[in-house]
Structure formats: structure tokens, C-alpha cells
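Novice: Once you've had a glance at the structure underneath, I'll fire off some questions.
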Amino acid sequence: MKMQEIESLLTEAYELWEHERAEPESEERLAAFEESRGIRLPGEYRELLARFGPLHFAEPTIHGLQEQEWAYPAGTKLIAEYRSQGAIERDTELLPIGSFGDGDLLVLQPGGSVYRLDHDGYDESPLEAIADDLPTLLGELAKFVLETYRAMQEQNKV
């Protein structure tokens with residue numbers, strides 16, 4: 001799925017939750033973050049931050065650059081720890097981009113799947129695939145928010 005396919009869903013979801021209005025990240029801040037970490041943010045994540053900002057109105061939340069100041073180093077440390085244990089293959093590129101309320105991380109394989117990364121132990125693998133790609137996850141989150149909002153409106157009418 002591509003970001004253009006879910007643009008209207010994201011626009012509507014972000015507008016409904018304007019009390020937690022996110023500010024898009026500037027190109028300058030995105031470039032500075034990438035340069036300071038020696039990375040290139042995956043296209044869909046970068047596009048979300050540049051066009052809409054972080055996503056805080058559903059779980060998992062998706063971090064903006066302010067949160068990434070602490071979350072990125074902590075996430076990469078956990079990924080490295082799991083790699084050293086052999087739980088994550090060394091050549092699997094993962095980028096922490098968000099979190100769940102229980103402390104688990106949302107990680108993105110650039111150009112690929114989105115995973116839940118268990119933060120404090122696991123049975124077979126610390127990675128649980130949750131979406132084929134980031135736009136698919138974002139579309140599901142936006143639909144959930146819109147359905148919840150509409151259900152609340154209907155309930156308030158009664």
C-alpha cells in the first residue's frame with residue numbers, strides 16, 4: 001500500500017483529534033535528525049512526519065522527532081541486545097518508530113513490514129509482525145479512530 005492511498009483517511013483522523021493536534025516536522029529538522037544519527041528515515045515514516053506529524057491518537061503511537069530523541073537510542077540499544085542474543089538476525093534492518101502502552105516498541109523494517117518488539121522477554125522471537133507495511137498500519141489506525149469517533153457520536157445522540 002502507498003501513503004497516497006490513505007491520505008484522506010489520515011487527514012480526517014488527524015482533523016478529528018485536533019485537541020492533540022500534531023505539528024508536521026520541518027525538512028530541516030528531519031535532515032538534522034538523520035545527519036545526527038547517520039541514517040536515512042524510511043520514506044513512509046518520513047512522509048508521515050513531514051505531512052502530518054507524530055500519531056498519538058491511537059495505539060501504537062508513532063513518535064515524532066522530539067520523542068525520538070530518547071526513544072531512538074533506547075530502541076536501537078534493545079535491538080542490538082536481541083541481535084547479540086541471536087534473537088534478531090544481524091542483517092535485519094529495524095528502525096524504532098513508536099511504542100505501545102505496555103512498553104513494547106513499534107519497529108519498521110525499511111521498505112517492508114512493521115513489527116511489535118517485545119521489550120522484556122519473549123518465547124520464540126521478540127518480533128511479532130503486525131502489518132505488511134507502514135501505510136497499511138496507518139490506514140488501520142485511522143479507520144479505528146474514525147469508527148470510534150462515529151460510534152461515540154451515535155452514542156451521544158441517544
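Here's how to read the names in the C-alpha cells: chain A, B, ... by the order shown, residue numbers from 1 in each chain, ligand numbers from 1 in the order shown.
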Apply DSSP to the structure's backbone, then extract all residues of chain A labelled strand (DSSP E or B) and return them as a VMD selection string.
Specialist: chain A and resid 55 61 to 62 95 to 99 105 to 108 114 to 117 127 to 131
Novice: Using only C-alpha atoms, what does the table of segment 83-132 of chain A residues within 7 Å of segment 58-63 of chain A look like, with each row giving the shortest atom pair and its distance in Å to one decimal, sorted by chain and ascending number, as JSON lines?
Specialist:
{"residue": "A:Ile97", "atom": "CA", "partner": "A:His63", "partner_atom": "CA", "distance": 5.7}
{"residue": "A:Gly98", "atom": "CA", "partner": "A:Ile62", "partner_atom": "CA", "distance": 4.1}
{"residue": "A:Ser99", "atom": "CA", "partner": "A:Pro60", "partner_atom": "CA", "distance": 5.5}
{"residue": "A:Phe100", "atom": "CA", "partner": "A:Pro60", "partner_atom": "CA", "distance": 4.8}
Novice: As a PyMOL selection string, please: all residues of segment 7-117 of chain A that backbone DSSP puts in helix (DSSP H, G or I).
Specialist: chain A and resi 7-16+18-20+27-37+43-51+65-84
Novice: Could you pull the residues within 10 Å of Leu94 of chain A, counting only C-alpha atoms, minus those fewer than 2 positions along the same chain, as JSON, numbers by chain?
Specialist: {"A": [75, 76, 79, 88, 91, 92, 96, 97, 106, 107, 108, 109, 110, 112, 113, 114, 115]}
Novice: Nearest residue to Asp132 of chain A out of A:Ala32, A:Glu23, A:Met1, A:Glu44, using only C-alpha atoms?
Specialist: A:Met1
Novice: Can you pull out the residues contacting Arg37 of chain A? Cut-off 12 Å, using only C-alpha atoms, and skip same-chain residues under 4 positions away; I want them as a ChimeraX atom specification.
Specialist: /A:30-33,41,65,68-69,72-73,76,95
Novice: Just checking: using only C-alpha atoms, which residue out of A:Glu154, A:Glu124, A:Glu147, A:Glu67 ends up closest to Glu12 of chain A?
Specialist: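 For Glu12 of chain A, the nearest of the given residues is A:Glu147.
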Novice: Quick one: of A:Ser8, A:His56, A:Leu49, A:Leu105, who's nearest to Ala71 of chain A, counting only C-alpha atoms?
Specialist: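 Among A:Ser8, A:His56, A:Leu49, A:Leu105, it is A:Leu105 that comes nearest to Ala71 of chain A.
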Novice: Between atom CA of Thr136 of chain A and atom CA of Leu48 of chain A, measure the distance and give it in Å to one decimal.
Specialist: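 Taking atom CA of Thr136 of chain A and atom CA of Leu48 of chain A, their separation equals 12.7 Å.
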